[in-house]
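*Asks:* Contents of protein.csv (CSV, C-alpha atoms) are given next:
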```
chain,number,residue,atom,x,y,z
A,1,MET,CA,-37.4,74.9,36.0
A,2,ASN,CA,-40.3,75.3,33.7
A,3,VAL,CA,-40.8,78.4,31.6
A,4,LEU,CA,-42.5,79.5,28.4
A,5,ILE,CA,-40.7,82.0,26.1
A,6,LYS,CA,-43.2,83.9,24.0
A,7,SER,CA,-42.7,85.3,20.5
A,8,ALA,CA,-38.9,85.0,20.3
A,9,THR,CA,-36.9,85.3,17.0
A,10,ILE,CA,-34.5,82.4,17.0
A,11,ILE,CA,-30.9,83.1,15.8
A,12,ASP,CA,-29.2,79.7,15.5
A,13,SER,CA,-27.9,78.6,12.0
A,14,LYS,CA,-27.8,75.0,13.2
A,15,SER,CA,-31.5,75.0,14.2
A,16,ASN,CA,-34.4,74.2,11.9
A,17,PHE,CA,-36.1,77.3,13.4
A,18,HIS,CA,-33.4,79.7,12.5
A,19,ASN,CA,-34.7,83.2,11.6
A,20,THR,CA,-38.2,82.4,12.6
A,21,THR,CA,-40.4,83.7,15.5
A,22,GLN,CA,-41.6,81.0,17.8
A,23,ASP,CA,-42.8,80.2,21.3
A,24,ILE,CA,-40.3,78.0,23.2
A,25,LEU,CA,-41.5,75.7,26.1
A,26,ILE,CA,-38.8,74.7,28.5
A,27,GLU,CA,-39.6,71.9,31.1
A,28,LYS,CA,-37.1,70.6,33.7
A,29,GLY,CA,-34.3,72.5,31.9
A,30,LYS,CA,-34.9,71.0,28.4
A,31,ILE,CA,-36.7,72.4,25.4
A,32,SER,CA,-39.8,70.3,25.1
A,33,LYS,CA,-41.6,72.2,22.4
A,34,ILE,CA,-41.1,74.9,19.8
A,35,ALA,CA,-44.1,76.2,17.9
A,36,LYS,CA,-45.7,79.4,16.5
A,37,THR,CA,-48.1,79.4,19.5
A,38,ILE,CA,-47.9,77.3,22.6
A,39,LYS,CA,-50.7,77.5,25.2
A,40,ASN,CA,-49.5,77.8,28.8
A,41,THR,CA,-51.6,74.9,30.2
A,42,GLY,CA,-49.1,74.3,33.0
A,43,ASN,CA,-49.3,77.9,34.3
A,44,TYR,CA,-45.6,78.3,33.8
A,45,LYS,CA,-43.7,81.5,34.2
A,46,GLU,CA,-43.9,83.4,30.8
A,47,ILE,CA,-41.1,85.5,29.4
A,48,LYS,CA,-42.2,88.4,27.1
A,49,ARG,CA,-39.8,91.2,26.1
A,50,ASP,CA,-39.7,93.8,23.4
A,51,ASN,CA,-38.1,92.6,20.2
A,52,LEU,CA,-37.1,89.4,21.9
A,53,HIS,CA,-34.4,87.3,20.2
A,54,VAL,CA,-32.9,84.0,21.4
A,55,SER,CA,-29.7,82.3,20.5
A,56,GLN,CA,-27.5,79.5,21.8
A,57,GLY,CA,-25.8,80.5,25.0
A,58,TRP,CA,-22.7,82.7,24.5
A,59,PHE,CA,-19.2,81.6,25.3
A,60,ASP,CA,-16.1,83.7,26.4
A,61,SER,CA,-12.7,82.0,26.2
A,62,SER,CA,-10.8,84.5,28.4
A,63,VAL,CA,-12.3,85.8,31.7
A,64,CYS,CA,-10.7,86.8,35.0
A,65,PHE,CA,-12.5,87.1,38.3
A,66,GLY,CA,-9.7,87.5,40.9
A,67,GLU,CA,-10.8,85.0,43.5
A,68,PRO,CA,-9.0,83.5,45.2
A,69,GLY,CA,-6.6,86.2,46.4
A,70,PHE,CA,-8.0,89.3,44.6
A,71,GLU,CA,-11.6,89.4,45.8
A,72,ASP,CA,-11.3,93.2,46.0
A,73,ARG,CA,-11.3,93.1,42.2
A,74,GLU,CA,-14.0,90.5,41.7
A,75,THR,CA,-15.5,87.4,43.3
A,76,ILE,CA,-16.5,84.2,41.5
A,77,GLU,CA,-20.1,84.7,42.7
A,78,ASN,CA,-20.5,88.3,41.4
A,79,GLY,CA,-18.4,87.5,38.3
A,80,LEU,CA,-20.8,84.7,37.3
A,81,LYS,CA,-23.8,87.0,37.9
A,82,THR,CA,-22.1,89.6,35.7
A,83,ALA,CA,-21.5,87.0,33.0
A,84,ALA,CA,-25.1,85.8,33.1
A,85,LYS,CA,-26.6,89.2,32.9
A,86,SER,CA,-24.2,90.0,30.0
A,87,GLY,CA,-25.5,87.0,28.1
A,88,PHE,CA,-22.8,84.4,28.7
A,89,THR,CA,-23.7,80.8,29.7
A,90,THR,CA,-20.2,79.5,29.7
A,91,VAL,CA,-16.8,81.2,30.5
A,92,ALA,CA,-13.3,79.9,30.5
A,93,LEU,CA,-11.7,81.3,33.7
A,94,GLN,CA,-8.0,82.4,33.7
A,95,ALA,CA,-5.5,81.3,36.3
A,96,ASN,CA,-4.2,84.7,37.3
A,97,THR,CA,-5.3,84.5,40.9
A,98,HIS,CA,-3.3,84.3,44.2
A,99,PRO,CA,-2.2,81.6,44.4
A,100,ILE,CA,-2.0,80.9,40.7
A,101,ILE,CA,-4.3,78.0,39.6
A,102,ASP,CA,-1.6,75.4,38.9
A,103,THR,CA,-2.6,72.2,40.7
A,104,ASN,CA,-5.4,69.7,40.8
A,105,ALA,CA,-6.7,71.1,44.1
A,106,ASP,CA,-6.7,74.6,42.7
A,107,VAL,CA,-8.8,73.6,39.8
A,108,ALA,CA,-11.2,71.6,42.1
A,109,PHE,CA,-11.6,74.8,44.2
A,110,ILE,CA,-12.8,76.8,41.2
A,111,LYS,CA,-15.2,74.1,40.1
A,112,MET,CA,-16.6,73.8,43.6
A,113,LYS,CA,-17.1,77.6,43.9
A,114,ALA,CA,-19.0,77.6,40.6
A,115,LEU,CA,-21.3,74.8,41.5
A,116,ASN,CA,-25.1,75.2,41.1
A,117,HIS,CA,-24.9,78.4,39.0
A,118,ALA,CA,-26.5,79.1,35.7
A,119,VAL,CA,-23.1,79.9,34.1
A,120,THR,CA,-20.8,77.0,33.5
A,121,VAL,CA,-17.1,77.7,34.4
A,122,LEU,CA,-14.3,76.0,32.5
A,123,PRO,CA,-11.1,76.5,34.5
A,124,ILE,CA,-7.9,77.2,32.6
A,125,GLY,CA,-4.9,76.0,34.5
A,126,ALA,CA,-1.5,77.7,34.5
A,127,LEU,CA,0.9,76.3,31.9
A,128,THR,CA,3.9,76.7,34.1
A,129,LYS,CA,4.3,76.6,37.9
A,130,ASN,CA,3.2,79.9,39.4
A,131,SER,CA,3.1,81.2,35.8
A,132,GLU,CA,6.9,81.9,36.0
A,133,SER,CA,7.8,80.2,32.7
A,134,LEU,CA,10.4,78.0,34.4
A,135,ASP,CA,8.8,74.5,34.8
A,136,LEU,CA,5.6,73.0,33.5
A,137,ALA,CA,2.7,72.8,35.9
A,138,GLU,CA,0.8,69.6,36.7
A,139,LEU,CA,-1.0,69.6,33.4
A,140,PHE,CA,-2.4,66.1,33.4
A,141,ASP,CA,-3.5,66.3,37.0
A,142,MET,CA,-5.3,69.5,36.3
A,143,THR,CA,-7.0,67.9,33.3
A,144,THR,CA,-8.4,65.2,35.5
A,145,ALA,CA,-9.8,67.9,37.9
A,146,GLY,CA,-11.5,69.7,35.0
A,147,ALA,CA,-9.0,72.1,33.4
A,148,VAL,CA,-9.8,72.6,29.7
A,149,ALA,CA,-6.6,74.4,28.7
A,150,PHE,CA,-3.3,75.8,30.0
A,151,SER,CA,-2.2,79.4,29.9
A,152,ASP,CA,0.0,81.8,31.7
A,153,TYR,CA,-2.3,84.8,31.4
A,154,LYS,CA,-0.6,87.7,29.7
A,155,LYS,CA,2.8,86.1,30.3
A,156,PRO,CA,4.7,84.8,27.2
A,157,ILE,CA,6.6,81.5,27.4
A,158,THR,CA,10.1,82.9,27.2
A,159,ASN,CA,11.9,79.6,26.8
A,160,PRO,CA,11.0,78.0,23.4
A,161,ASN,CA,12.1,74.6,24.6
A,162,LEU,CA,9.5,74.7,27.4
A,163,LEU,CA,6.7,75.4,24.9
A,164,LYS,CA,8.0,72.6,22.7
A,165,ILE,CA,7.9,70.1,25.6
A,166,ALA,CA,4.4,71.4,26.7
A,167,LEU,CA,3.0,70.8,23.2
A,168,GLN,CA,4.5,67.3,23.0
A,169,TYR,CA,3.4,66.4,26.5
A,170,ALA,CA,-0.1,67.8,26.3
A,171,SER,CA,-0.8,66.0,23.0
A,172,ASN,CA,-0.8,62.7,25.0
A,173,PHE,CA,-4.1,63.7,26.6
A,174,ASP,CA,-5.5,66.1,23.9
A,175,GLY,CA,-4.5,69.1,26.0
A,176,LEU,CA,-4.8,72.6,24.6
A,177,VAL,CA,-1.7,74.8,25.1
A,178,CYS,CA,-2.1,78.6,25.0
A,179,SER,CA,0.8,80.9,24.3
A,180,PHE,CA,0.6,84.6,24.8
A,181,PRO,CA,2.0,86.4,21.7
A,182,GLN,CA,4.7,88.8,22.9
A,183,GLU,CA,8.4,88.7,22.7
A,184,ASN,CA,9.4,90.6,25.9
A,185,LYS,CA,12.9,91.5,24.8
A,186,ILE,CA,11.3,93.4,21.9
A,187,SER,CA,8.4,94.9,23.7
A,188,GLY,CA,10.7,96.0,26.5
A,189,GLN,CA,9.1,98.6,28.8
A,190,GLY,CA,6.5,99.6,26.1
A,191,VAL,CA,3.1,100.6,27.5
A,192,MET,CA,1.2,101.3,24.3
A,193,ASN,CA,1.5,100.6,20.6
A,194,GLU,CA,4.8,101.9,19.1
A,195,ASN,CA,3.6,104.4,16.5
A,196,ILE,CA,3.5,108.2,15.9
A,197,THR,CA,1.0,108.4,18.8
A,198,SER,CA,3.4,106.9,21.3
A,199,THR,CA,6.1,109.3,20.1
A,200,SER,CA,3.8,112.4,20.4
A,201,LEU,CA,2.7,111.3,23.9
A,202,GLY,CA,6.2,110.5,25.0
A,203,LEU,CA,5.2,107.0,26.1
A,204,LYS,CA,7.4,103.9,25.4
A,205,GLY,CA,6.1,101.8,22.5
A,206,ASN,CA,5.4,98.1,22.2
A,207,PRO,CA,5.9,97.4,18.5
A,208,SER,CA,3.8,95.0,16.5
A,209,LEU,CA,7.1,93.2,15.8
A,210,ALA,CA,7.1,91.9,19.4
A,211,GLU,CA,3.8,90.0,18.7
A,212,ALA,CA,4.7,88.8,15.2
A,213,LEU,CA,8.0,87.3,16.3
A,214,GLN,CA,6.4,85.3,19.0
A,215,VAL,CA,3.6,84.1,16.8
A,216,ALA,CA,6.1,83.0,14.1
A,217,ARG,CA,8.2,81.2,16.8
A,218,ASP,CA,5.2,79.4,18.2
A,219,LEU,CA,3.9,78.3,14.8
A,220,TYR,CA,7.3,76.9,13.9
A,221,LEU,CA,7.4,75.0,17.2
A,222,LEU,CA,3.8,73.7,16.5
A,223,GLU,CA,4.8,72.5,13.1
A,224,TYR,CA,7.7,70.6,14.6
A,225,THR,CA,5.9,69.1,17.6
A,226,GLY,CA,2.3,68.6,16.6
A,227,GLY,CA,-0.2,69.1,19.3
A,228,LYS,CA,-2.9,71.8,19.9
A,229,LEU,CA,-2.0,75.5,20.2
A,230,HIS,CA,-4.2,78.4,20.9
A,231,ILE,CA,-2.9,82.0,20.5
A,232,PRO,CA,-5.0,84.3,22.6
A,233,THR,CA,-5.8,88.0,21.8
A,234,ILE,CA,-3.8,88.7,18.7
A,235,SER,CA,-3.7,92.4,17.7
A,236,THR,CA,-1.7,92.9,14.5
A,237,ALA,CA,-2.0,92.5,10.8
A,238,GLU,CA,1.2,90.4,10.8
A,239,SER,CA,-0.3,87.9,13.2
A,240,VAL,CA,-3.4,87.4,11.1
A,241,ALA,CA,-1.2,86.7,8.0
A,242,LEU,CA,1.0,84.3,9.9
A,243,ILE,CA,-1.9,82.3,11.4
A,244,ARG,CA,-3.7,82.3,8.0
A,245,GLN,CA,-0.6,80.6,6.5
A,246,ALA,CA,-0.3,78.1,9.3
A,247,LYS,CA,-3.9,77.1,8.8
A,248,GLN,CA,-3.2,76.6,5.1
A,249,LYS,CA,-0.6,74.1,6.3
A,250,LYS,CA,-3.3,72.3,8.3
A,251,LEU,CA,-1.6,73.1,11.7
A,252,ASP,CA,-3.8,72.6,14.7
A,253,VAL,CA,-3.9,76.2,15.7
A,254,THR,CA,-6.7,78.6,16.8
A,255,CYS,CA,-6.6,82.2,17.9
A,256,SER,CA,-8.8,84.9,19.4
A,257,VAL,CA,-9.0,88.6,19.3
A,258,ALA,CA,-10.2,90.9,22.1
A,259,ILE,CA,-13.3,92.8,21.2
A,260,HIS,CA,-11.7,96.2,22.1
A,261,ASN,CA,-8.8,95.5,19.6
A,262,LEU,CA,-11.5,95.3,16.9
A,263,CYS,CA,-13.1,98.6,17.9
A,264,LEU,CA,-10.6,101.1,19.3
A,265,LEU,CA,-7.4,102.8,18.0
A,266,ASP,CA,-4.2,103.7,19.9
A,267,SER,CA,-5.2,107.4,19.5
A,268,GLU,CA,-7.7,106.9,22.3
A,269,LEU,CA,-4.7,107.3,24.7
A,270,TYR,CA,-4.3,111.0,23.9
A,271,ASP,CA,-5.7,112.0,27.3
A,272,PHE,CA,-3.6,109.3,29.2
A,273,ASN,CA,-6.7,107.5,30.4
A,274,THR,CA,-5.4,104.3,32.0
A,275,HIS,CA,-8.7,102.5,31.1
A,276,PHE,CA,-7.2,102.2,27.6
A,277,LYS,CA,-4.1,100.5,28.9
A,278,VAL,CA,-4.5,97.0,27.8
A,279,LEU,CA,-2.3,94.1,26.6
A,280,PRO,CA,-1.9,93.6,23.8
A,281,PRO,CA,-2.2,97.4,23.3
A,282,LEU,CA,-4.7,99.2,21.0
A,283,ARG,CA,-3.1,99.4,17.6
A,284,THR,CA,-3.7,101.2,14.2
A,285,GLN,CA,-6.5,101.2,11.7
A,286,SER,CA,-4.6,98.9,9.3
A,287,ASP,CA,-4.3,96.4,12.1
A,288,ILE,CA,-8.1,96.7,12.9
A,289,ASP,CA,-8.9,96.3,9.2
A,290,ALA,CA,-6.8,93.1,9.1
A,291,LEU,CA,-8.3,91.7,12.3
A,292,ILE,CA,-11.9,92.3,11.0
A,293,GLU,CA,-11.0,90.6,7.7
A,294,GLY,CA,-9.5,87.7,9.8
A,295,VAL,CA,-12.7,87.4,11.7
A,296,LYS,CA,-14.8,87.4,8.5
A,297,ASP,CA,-12.8,84.8,6.7
A,298,GLY,CA,-12.4,82.5,9.7
A,299,THR,CA,-8.6,83.0,10.3
A,300,ILE,CA,-9.6,84.3,13.7
A,301,ASP,CA,-11.6,81.6,15.4
A,302,MET,CA,-13.3,83.5,18.2
A,303,VAL,CA,-13.7,86.8,20.0
A,304,THR,CA,-13.2,87.4,23.7
A,305,SER,CA,-14.1,90.2,26.1
A,306,ASP,CA,-10.7,89.5,27.8
A,307,HIS,CA,-12.6,90.5,31.0
A,308,ASN,CA,-10.1,91.6,33.6
A,309,PRO,CA,-11.5,93.6,36.6
A,310,LEU,CA,-9.0,95.9,38.3
A,311,THR,CA,-9.4,98.2,41.3
A,312,ILE,CA,-9.1,102.0,41.4
A,313,GLU,CA,-5.7,101.5,43.0
A,314,ASP,CA,-4.6,99.4,40.0
A,315,LYS,CA,-5.7,102.0,37.5
A,316,LYS,CA,-5.7,105.5,39.0
A,317,VAL,CA,-2.0,106.0,38.9
A,318,GLU,CA,0.5,107.4,36.4
A,319,PHE,CA,0.1,105.7,33.0
A,320,ASP,CA,3.4,103.9,33.1
A,321,PHE,CA,2.5,102.3,36.5
A,322,ALA,CA,-1.1,101.4,35.8
A,323,ASP,CA,-2.0,97.7,35.4
A,324,TYR,CA,-3.1,96.3,32.0
A,325,GLY,CA,-6.7,95.3,31.6
A,326,THR,CA,-10.4,96.2,31.2
A,327,VAL,CA,-13.7,94.7,32.1
A,328,GLY,CA,-15.5,93.6,29.0
A,329,LEU,CA,-18.4,91.1,29.6
A,330,GLU,CA,-21.0,93.8,29.9
A,331,SER,CA,-20.0,95.6,26.7
A,332,ALA,CA,-19.1,92.6,24.5
A,333,PHE,CA,-22.5,92.3,22.7
A,334,GLY,CA,-23.1,96.0,22.3
A,335,ALA,CA,-19.6,96.6,21.0
A,336,LEU,CA,-19.7,93.8,18.5
A,337,GLN,CA,-23.0,95.0,17.2
A,338,THR,CA,-21.4,98.3,16.1
A,339,LEU,CA,-19.2,96.3,13.8
A,340,PHE,CA,-21.2,93.3,12.6
A,341,SER,CA,-24.7,92.1,11.8
A,342,THR,CA,-26.7,90.5,14.6
A,343,LYS,CA,-26.3,87.1,12.9
A,344,LYS,CA,-22.5,87.5,12.7
A,345,THR,CA,-22.3,88.8,16.3
A,346,VAL,CA,-24.1,85.8,17.6
A,347,GLN,CA,-22.0,83.5,15.6
A,348,LEU,CA,-18.9,85.0,17.0
A,349,LEU,CA,-20.2,84.9,20.6
A,350,THR,CA,-21.0,81.2,20.2
A,351,LYS,CA,-17.8,80.1,18.4
A,352,GLY,CA,-14.9,78.5,20.2
A,353,LYS,CA,-16.9,76.1,22.4
A,354,ALA,CA,-15.6,72.9,21.0
A,355,ARG,CA,-12.0,74.1,21.3
A,356,PHE,CA,-12.4,74.6,25.0
A,357,LYS,CA,-14.6,71.5,25.5
A,358,ALA,CA,-17.7,73.4,26.2
A,359,GLU,CA,-21.1,71.8,25.6
A,360,GLU,CA,-23.0,72.9,22.5
A,361,ASN,CA,-26.8,72.8,22.4
A,362,THR,CA,-28.8,73.8,19.3
A,363,ILE,CA,-32.2,75.3,19.8
A,364,SER,CA,-34.2,72.2,19.1
A,365,GLU,CA,-36.8,70.1,20.8
A,366,GLY,CA,-35.3,67.6,23.3
A,367,LYS,CA,-32.1,69.6,23.7
A,368,LYS,CA,-30.8,71.1,26.9
A,369,ALA,CA,-31.9,74.7,27.3
A,370,ASP,CA,-28.8,76.8,27.0
A,371,LEU,CA,-30.0,80.1,25.8
A,372,THR,CA,-29.2,83.8,25.7
A,373,LEU,CA,-32.1,86.3,25.4
A,374,PHE,CA,-31.5,89.8,23.9
A,375,ASN,CA,-32.8,92.7,21.9
A,376,PRO,CA,-30.3,93.5,19.1
A,377,ASP,CA,-31.7,96.9,18.2
A,378,THR,CA,-31.5,99.0,21.5
A,379,LYS,CA,-29.0,101.9,21.2
A,380,TYR,CA,-27.5,103.5,24.3
A,381,MET,CA,-24.4,105.1,25.7
A,382,PHE,CA,-22.4,102.7,27.9
A,383,THR,CA,-21.9,104.2,31.4
A,384,THR,CA,-20.8,102.9,34.9
A,385,GLN,CA,-24.5,102.1,35.5
A,386,ASN,CA,-24.1,99.4,32.8
A,387,ILE,CA,-21.1,97.8,34.6
A,388,LEU,CA,-22.1,95.0,36.9
A,389,SER,CA,-18.6,94.0,38.0
A,390,LYS,CA,-17.1,95.1,41.3
A,391,SER,CA,-14.4,97.0,39.4
A,392,LYS,CA,-15.4,99.7,36.9
A,393,ASN,CA,-12.3,99.8,34.6
A,394,SER,CA,-14.0,99.8,31.2
A,395,LEU,CA,-12.5,101.3,28.1
A,396,PHE,CA,-16.0,101.5,26.6
A,397,LEU,CA,-17.3,104.1,29.0
A,398,ASN,CA,-19.2,106.9,27.3
A,399,LYS,CA,-19.1,104.9,24.0
A,400,ASP,CA,-22.3,104.4,21.9
A,401,LEU,CA,-23.2,100.7,21.8
A,402,LYS,CA,-26.1,98.7,20.3
A,403,GLY,CA,-28.0,95.8,21.7
A,404,GLU,CA,-29.5,94.9,25.1
A,405,VAL,CA,-29.1,91.6,26.9
A,406,TYR,CA,-32.2,90.4,28.8
A,407,GLY,CA,-30.5,87.4,30.4
A,408,ILE,CA,-29.9,83.7,30.1
A,409,ILE,CA,-31.6,80.3,30.6
A,410,ALA,CA,-29.0,77.6,31.4
A,411,ASN,CA,-28.3,74.7,33.8
A,412,ASN,CA,-32.0,74.6,34.7
A,413,LYS,CA,-31.9,78.2,35.9
A,414,THR,CA,-33.2,81.5,34.6
A,415,ILE,CA,-31.4,84.8,35.2
A,416,LEU,CA,-33.0,87.9,33.8
```
Could you render the structure from this file as structure tokens?
*Replies:*
Amino acid sequence: MNVLIKSATIIDSKSNFHNTTQDILIEKGKISKIAKTIKNTGNYKEIKRDNLHVSQGWFDSSVCFGEPGFEDRETIENGLKTAAKSGFTTVALQANTHPIIDTNADVAFIKMKALNHAVTVLPIGALTKNSESLDLAELFDMTTAGAVAFSDYKKPITNPNLLKIALQYASNFDGLVCSFPQENKISGQGVMNENITSTSLGLKGNPSLAEALQVARDLYLLEYTGGKLHIPTISTAESVALIRQAKQKKLDVTCSVAIHNLCLLDSELYDFNTHFKVLPPLRTQSDIDALIEGVKDGTIDMVTSDHNPLTIEDKKVEFDFADYGTVGLESAFGALQTLFSTKKTVQLLTKGKARFKAEENTISEGKKADLTLFNPDTKYMFTTQNILSKSKNSLFLNKDLKGEVYGIIANNKTIL
């Protein structure tokens, strides 16, 4: 693949061309030249766009596609096209399929289905067999097949001894253990944040205490065992404080936050719209303030769209019975841009790669072309026309967002 990008503003703090406008020549999938002006002597395809910006390819640490088993929600093929057109060149794929991805063969199947695509897929294997929190899955075997981490998606490890053993065992091969932060006995049947809003709506509440208790437990276990722990999608001020303290102790812990938990309040649920039923639930302004501060000071290591396509049948039911989840790849960039500068947004969308063993490529001559192309200034209302997923369950519908993604160049392919 040979292509010439014309007049692109480069956003990459690790590149010598950061914050400059350059032409970028890509030959056979590698950046061969960066200069103010490059003549197209090879008659290559040229890419010109309004207010064109280029950054390192974006990464998402928590994406669900459904296949195998839930192809009605999303297929791997269409999921990867959605990721590409949303600006992501690498995604970590969750194991919440049918069957659950918990063996060497399951991981190999995911890798095979994603072959020869512009977007790189990093499979996350289940931490426990069938994600039932009873016995550890085949962690080492899945690692040899290409699994980059282990997680029971949205299911907490109820047995602390099981998590202790997982951390100890995985440390033998540098495995990353993920533990969903919720104590089920405290959260009970709660379907939204426990707060004055849940009381006024008559919905059962899931208190922030349920998350904080689990985070505290997991950090105590990590301090005892060593190993590598990732706590996905925290949502409370208490969790931010606990993880900040753990990092001061030099524990090997990282965490993420779902982009919608940075943007939206639990008061969005006043009309019982099940698109806003997510896990962890939308919380309060004080939680959002603490999460944003955690993002700014580095306590929170990465953001995620927490992309989870669900069908109409999964969502268009009474609030108590609706499934948790939202699509988020398509809205990730536009939503973050309503909170942060373009430079900070790009930084957040490219962080976390090393933790999940994703390849990092700066925008420099001789490097592999792994690029996201975008216009940071476009303002628009997000509608179903902006959703590329098979499922349309977005909680950003009819929200004002900022920033347009043009596409990606990655793995010797261009998708615009």
*Asks:* Counting all atoms listed in the file, figure out which residue out of A:Gly325, A:Gly146, A:Pro156, A:Pro99 gets nearest to Lys129 in chain A.
*Replies:* A:Pro99
*Asks:* Could you tell me how far CA of Asn96 in chain A lies from CA of Leu134 in chain A, in Å and to one decimal?
*Replies:*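 We find that CA of Asn96 in chain A and CA of Leu134 in chain A lie 16.3 Å from each other.
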*Asks:* Report as an MDAnalysis selection string all protein, DNA and RNA residues lying within 8 Å of range 389-406 of chain A, evaluated on all atoms listed in the file, omitting residues in the same chain fewer than 5 positions from it.
*Replies:* chainID A and resid 72:74 78:79 82 85:87 260 275:276 309:312 315 325:328 331 333:335 337:338 372:384 416
*Asks:* At a cut-off of 9 Å, using all atoms listed in the file, what residues contact Asn411 in chain A? Leave out same-chain residues fewer than 3 positions from it and give the result as a PyMOL selection string.
*Replies:* chain A and resi 29+89+116-120+368-370+414
*Asks:* Under the rule that all atoms listed in the file are counted, which of A:Ser198, A:Ser61, A:Thr41, A:Ser187 is the nearest residue to Val148 in chain A?
*Replies:*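 Smallest separation from Val148 in chain A among the options: A:Ser61.
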*Asks:* One number please: CA of Lys33 in chain A to CA of Arg49 in chain A, in Å, one decimal.
*Replies:* 19.4 Å
*Asks:* Pick out the closest residue to Gln22 in chain A from this set: A:Leu115, A:Ile363, A:Ala216, A:Ala166. Count all atoms listed in the file.
*Replies:* A:Ile363
